[in-house]
Number of protein chains: 2
Amino acid sequence: MNSSTEEDYLKAIYKLTPQFPDGVLTSAIAEVLETKASSVTDMLKKLSEKGYINYVKYQGVTLQPIGEEVAIKVIRKHRLWEVFLAEKLDFTWDEIHEIAEQLEHIVSVNLIDRLDKYLGFPKFDPHGDPIPDKNGKFQKIKDVALRDLNVGDVAILVGVREHSKEFLQYLENIKLLLGSKIEVLNKFAFDESVLVKINGKSEIMLSSLLCKNISVTHEKPKK
Amino acid sequence: MNSSTEEDYLKAIYKLTPQFPDGVLTSAIAEVLETKASSVTDMLKKLSEKGYINYVKYQGVTLQPIGEEVAIKVIRKHRLWEVFLAEKLDFTWDEIHEIAEQLEHIVSVNLIDRLDKYLGFPKFDPHGDPIPDKNGKFQKIKDVALRDLNVGDVAILVGVREHSKEFLQYLENIKLLLGSKIEVLNKFAFDESVLVKINGKSEIMLSSLLCKNISVTHEKPKK
DNA sequence: TCAAGTATTTAGACTAGTCTAAACATTTCT
DNA sequence: AGAAATGTTTAGACTAGTCTAAATACTTGA
Ligand SMILES: [Mn+2]
Ligand SMILES: [Mn+2]
Ligand SMILES: [Mn+2]
Ligand SMILES: [Mn+2]
């Protein structure tokens, strides 16, 4: 069996892989796990021993198939628990992550498949992230960042690329939630801020950083 | 904060207290936690340092109010999760304990009260054990062991005093479940076995050990 | 009552995970 | 290319929890 610490490391490596295709760097892992590089090195040696990763000193790390499998299982658990917390217990999307961070490590042969069934086999979690099925398969979503839209575009918010409480609470505040309709009214080059209309009602100015972290489905302007 | 290990120790001491009113013995704790006496001694020192227990070398241990409070909170969590697993995810009563043993350590300010509400504020868990409310209050049940009934008595199964898989699976097997009606048809002195009729249907012989671990509400014979 | 037996505690060691500081590689810049 | 800066690993130490073996205290019963 794997400890919850090992699971968190494998998950972190999995999530960082797209940004570091030929080897996730020690410092990147240290940053997302809020730990020191030396601790990461120790764990990488151990995960390498166990055959979960391919680790070359100073070169970074890639997941072995078995390590990816573990990572995807943990992510499946995390996202299903998030759905449970949001839909059944009425937690908001900024509250669920840290609880799911613990729940994802509960060990049981049947638990997660039963939970999946109970929730109606959801395909996405409350942040718009896809939920791997029992076999680890899931759709990669083909979304686009809000900041890449053009003036006049209309789009639907389908996900967030940042999960901090502060970010999510701000979105909650301005009623910019999963499924919200966004019209791009204007874009300002000097600070890359964007003026949008939300659900045909409120108009609001969004900062560059915000627009970078909002995923939308691109729809063509109505013309 | 307390580690899950500390929580398990406090819970064990709490549960053993009725049997050891003037000090729970090291060896008793070691047995229920399936660990060694020397490990228990180490932990008792630590819990004593922290003010959770009153520990006198060689004399056993009693809970301080603050330690009892922690223990009751953990028990509340354990039993509510058991209700969730049984009622929402259709686990049987022999499967829920070990999962709840993990879930009881999830840390969150709101989680357990939300779960309580979601479940409709249940008063008893699937084994018939009372669930402490938000303030730690719960009814002590005034039940009696099946073996203390007399021939002719009719009673309802309201709890079990043993939580092993084997015991619970056996009861499941003979359809002797929470709420079952039990009529005492005969009692045999030589091995203290008891012949009963379950729910007015099947007749079965129950061993002494079994009868000791089944709690019933005593009802007077219909006469 | 005191010797034997039993229970408990102490001593010392081990694993998992973490950290700081120092050593060592790699990359970047002049 | 060589020096400086940056990133990574190693060395050594620390905490939480556990264990075995030895020492010590309590209990029992001859
Ligand atoms: Mn986690
Ligand atoms: Mn999520
Ligand atoms: Mn537990
Ligand atoms: Mn129970």
# chains A, B, ... in the order shown; residues from 1 in each chain; ligands from 1
call {"tool": "interface_residues", "arguments": {"of": "chain B", "to": "chain A", "cutoff": "7 Å", "atoms": "only C-alpha atoms", "output": "list in words"}}
result
Leu89, Ile99, Gln102, Ile106, Ser108, Arg114, Leu115 and Tyr118 of chain B
call {"tool": "write_last_selection", "arguments": {"atoms": "C-alpha atoms", "output": "short mmCIF file (atom, residue, chain, number, x, y, z; two decimals), in the first residue's frame"}}
result
data_model
loop_
_atom_site.label_atom_id
_atom_site.label_comp_id
_atom_site.auth_asym_id
_atom_site.auth_seq_id
_atom_site.Cartn_x
_atom_site.Cartn_y
_atom_site.Cartn_z
CA LEU B 89 -24.01 3.68 -0.05
CA ILE B 99 -13.98 2.57 6.68
CA GLN B 102 -10.51 6.19 8.80
CA ILE B 106 -11.13 13.83 8.69
CA SER B 108 -13.14 20.10 9.03
CA ARG B 114 -23.54 19.09 7.60
CA LEU B 115 -23.39 15.33 7.32
CA TYR B 118 -27.98 15.51 5.56
#
call {"tool": "closest_atom_pairs", "arguments": {"of": "chain C", "to": "chain A", "cutoff": "8 Å", "atoms": "only C-alpha atoms (C1' of nucleotides)", "output": "tab-separated table"}}
result
residue	atom	partner	partner_atom	distance
C:DG17	C1'	A:Ser39	CA	8.0
C:DT18	C1'	A:Ser39	CA	6.5
C:DC19	C1'	A:Lys36	CA	7.8
C:DA25	C1'	A:Tyr58	CA	7.3
call {"tool": "write_last_selection", "arguments": {"atoms": "all heavy atoms", "output": "short mmCIF file (atom, residue, chain, number, x, y, z; two decimals), in the first residue's frame"}}
result
data_model
loop_
_atom_site.label_atom_id
_atom_site.label_comp_id
_atom_site.auth_asym_id
_atom_site.auth_seq_id
_atom_site.Cartn_x
_atom_site.Cartn_y
_atom_site.Cartn_z
P DG C 17 6.34 8.23 3.95
OP1 DG C 17 4.92 8.27 3.54
OP2 DG C 17 7.38 7.75 3.02
"O5'" DG C 17 6.73 9.70 4.43
"C5'" DG C 17 5.95 10.32 5.43
"C4'" DG C 17 6.70 11.50 6.00
"O4'" DG C 17 7.85 11.04 6.74
"C3'" DG C 17 7.25 12.49 4.97
"O3'" DG C 17 6.52 13.70 5.06
"C2'" DG C 17 8.70 12.68 5.38
"C1'" DG C 17 8.74 12.11 6.79
N9 DG C 17 10.06 11.65 7.20
C8 DG C 17 10.85 10.70 6.57
N7 DG C 17 12.01 10.52 7.15
C5 DG C 17 11.99 11.42 8.22
C6 DG C 17 12.98 11.68 9.21
O6 DG C 17 14.09 11.18 9.33
N1 DG C 17 12.55 12.65 10.10
C2 DG C 17 11.32 13.28 10.06
N2 DG C 17 11.08 14.19 11.01
N3 DG C 17 10.39 13.04 9.15
C4 DG C 17 10.80 12.10 8.26
P DT C 18 6.73 14.87 4.05
OP1 DT C 18 5.41 15.52 3.93
OP2 DT C 18 7.44 14.38 2.86
"O5'" DT C 18 7.72 15.88 4.80
"C5'" DT C 18 7.30 16.51 6.01
"C4'" DT C 18 8.51 17.06 6.74
"O4'" DT C 18 9.42 15.98 7.05
"C3'" DT C 18 9.38 18.01 5.95
"O3'" DT C 18 8.92 19.33 6.07
"C2'" DT C 18 10.74 17.87 6.63
"C1'" DT C 18 10.64 16.58 7.41
N1 DT C 18 11.75 15.63 7.13
C2 DT C 18 12.83 15.65 7.97
O2 DT C 18 12.93 16.42 8.91
N3 DT C 18 13.82 14.76 7.65
C4 DT C 18 13.82 13.85 6.61
O4 DT C 18 14.77 13.10 6.44
C5 DT C 18 12.65 13.88 5.77
C7 DT C 18 12.56 12.95 4.60
C6 DT C 18 11.69 14.76 6.07
P DC C 19 9.64 20.54 5.33
OP1 DC C 19 8.72 21.69 5.41
OP2 DC C 19 10.11 20.03 4.03
"O5'" DC C 19 10.95 20.85 6.21
"C5'" DC C 19 10.81 21.27 7.56
"C4'" DC C 19 12.19 21.45 8.17
"O4'" DC C 19 12.83 20.15 8.19
"C3'" DC C 19 13.10 22.33 7.31
"O3'" DC C 19 13.26 23.60 7.94
"C2'" DC C 19 14.42 21.60 7.24
"C1'" DC C 19 14.22 20.30 7.96
N1 DC C 19 14.68 19.14 7.14
C2 DC C 19 15.87 18.50 7.48
O2 DC C 19 16.52 18.93 8.44
N3 DC C 19 16.30 17.45 6.74
C4 DC C 19 15.57 17.02 5.70
N4 DC C 19 16.04 15.97 5.02
C5 DC C 19 14.35 17.66 5.34
C6 DC C 19 13.95 18.70 6.07
P DA C 25 29.35 16.30 -8.47
OP1 DA C 25 29.75 14.91 -8.44
OP2 DA C 25 30.31 17.35 -8.92
"O5'" DA C 25 28.05 16.43 -9.37
"C5'" DA C 25 27.54 17.69 -9.46
"C4'" DA C 25 26.26 17.71 -10.23
"O4'" DA C 25 25.57 18.87 -9.77
"C3'" DA C 25 26.52 17.91 -11.72
"O3'" DA C 25 25.39 17.46 -12.42
"C2'" DA C 25 26.72 19.41 -11.79
"C1'" DA C 25 25.82 19.95 -10.66
N9 DA C 25 26.40 21.03 -9.85
C8 DA C 25 27.60 21.06 -9.19
N7 DA C 25 27.83 22.21 -8.56
C5 DA C 25 26.71 22.96 -8.83
C6 DA C 25 26.33 24.26 -8.46
N6 DA C 25 27.06 25.06 -7.70
N1 DA C 25 25.14 24.72 -8.90
C2 DA C 25 24.39 23.92 -9.67
N3 DA C 25 24.62 22.68 -10.08
C4 DA C 25 25.82 22.26 -9.62
#
call {"tool": "residues_around", "arguments": {"residues": "Leu25 (chain A)", "least_positions_apart": "5", "cutoff": "9 Å", "atoms": "only C-alpha atoms (C1' of nucleotides)", "output": "PyMOL selection string"}}
result
chain A and resi 16+20+30+58-61
call {"tool": "write_last_selection", "arguments": {"atoms": "N, CA, C and O atoms", "output": "compact mmCIF listing (two decimals), in the first residue's frame"}}
result
# COMPACT_ATOMS: atom_id res chain seq x y z
N LEU A 16 1.93 18.09 -12.83
CA LEU A 16 2.99 18.97 -13.34
C LEU A 16 3.53 18.49 -14.69
O LEU A 16 4.20 19.24 -15.39
N PHE A 20 6.12 20.06 -17.73
CA PHE A 20 7.51 19.58 -17.75
C PHE A 20 7.57 18.23 -18.47
O PHE A 20 7.85 17.21 -17.85
N ALA A 30 8.33 20.66 -5.01
CA ALA A 30 8.46 21.28 -3.69
C ALA A 30 7.48 22.43 -3.56
O ALA A 30 6.84 22.61 -2.52
N TYR A 58 19.25 15.15 -10.87
CA TYR A 58 19.41 16.48 -11.49
C TYR A 58 18.59 16.66 -12.76
O TYR A 58 18.50 17.75 -13.30
N GLN A 59 17.96 15.57 -13.26
CA GLN A 59 17.27 15.67 -14.54
C GLN A 59 15.75 15.76 -14.43
O GLN A 59 15.08 15.88 -15.42
N GLY A 60 15.23 15.60 -13.23
CA GLY A 60 13.78 15.60 -13.10
C GLY A 60 13.20 14.20 -13.21
O GLY A 60 13.93 13.22 -13.35
N VAL A 61 11.88 14.13 -13.18
CA VAL A 61 11.23 12.85 -12.99
C VAL A 61 10.03 12.69 -13.93
O VAL A 61 9.34 13.66 -14.23
call {"tool": "residues_near_ligand", "arguments": {"ligand": "ligand 2", "cutoff": "8 Å", "atoms": "only C-alpha atoms (C1' of nucleotides) and all ligand atoms", "output": "JSON, numbers by chain"}}
result
{"A": [78, 79, 82, 96, 97, 125, 126, 127, 128, 129, 163]}
call {"tool": "atom_distance", "arguments": {"atom1": "CA of His218 (chain B)", "atom2": "CA of Leu168 (chain B)"}}
result
21.5 Å
call {"tool": "closest_residue", "arguments": {"among": "C:DT15, C:DC24, C:DT30, C:DT9", "to": "DG7 (chain D)", "atoms": "only C-alpha atoms (C1' of nucleotides)"}}
result
C:DC24
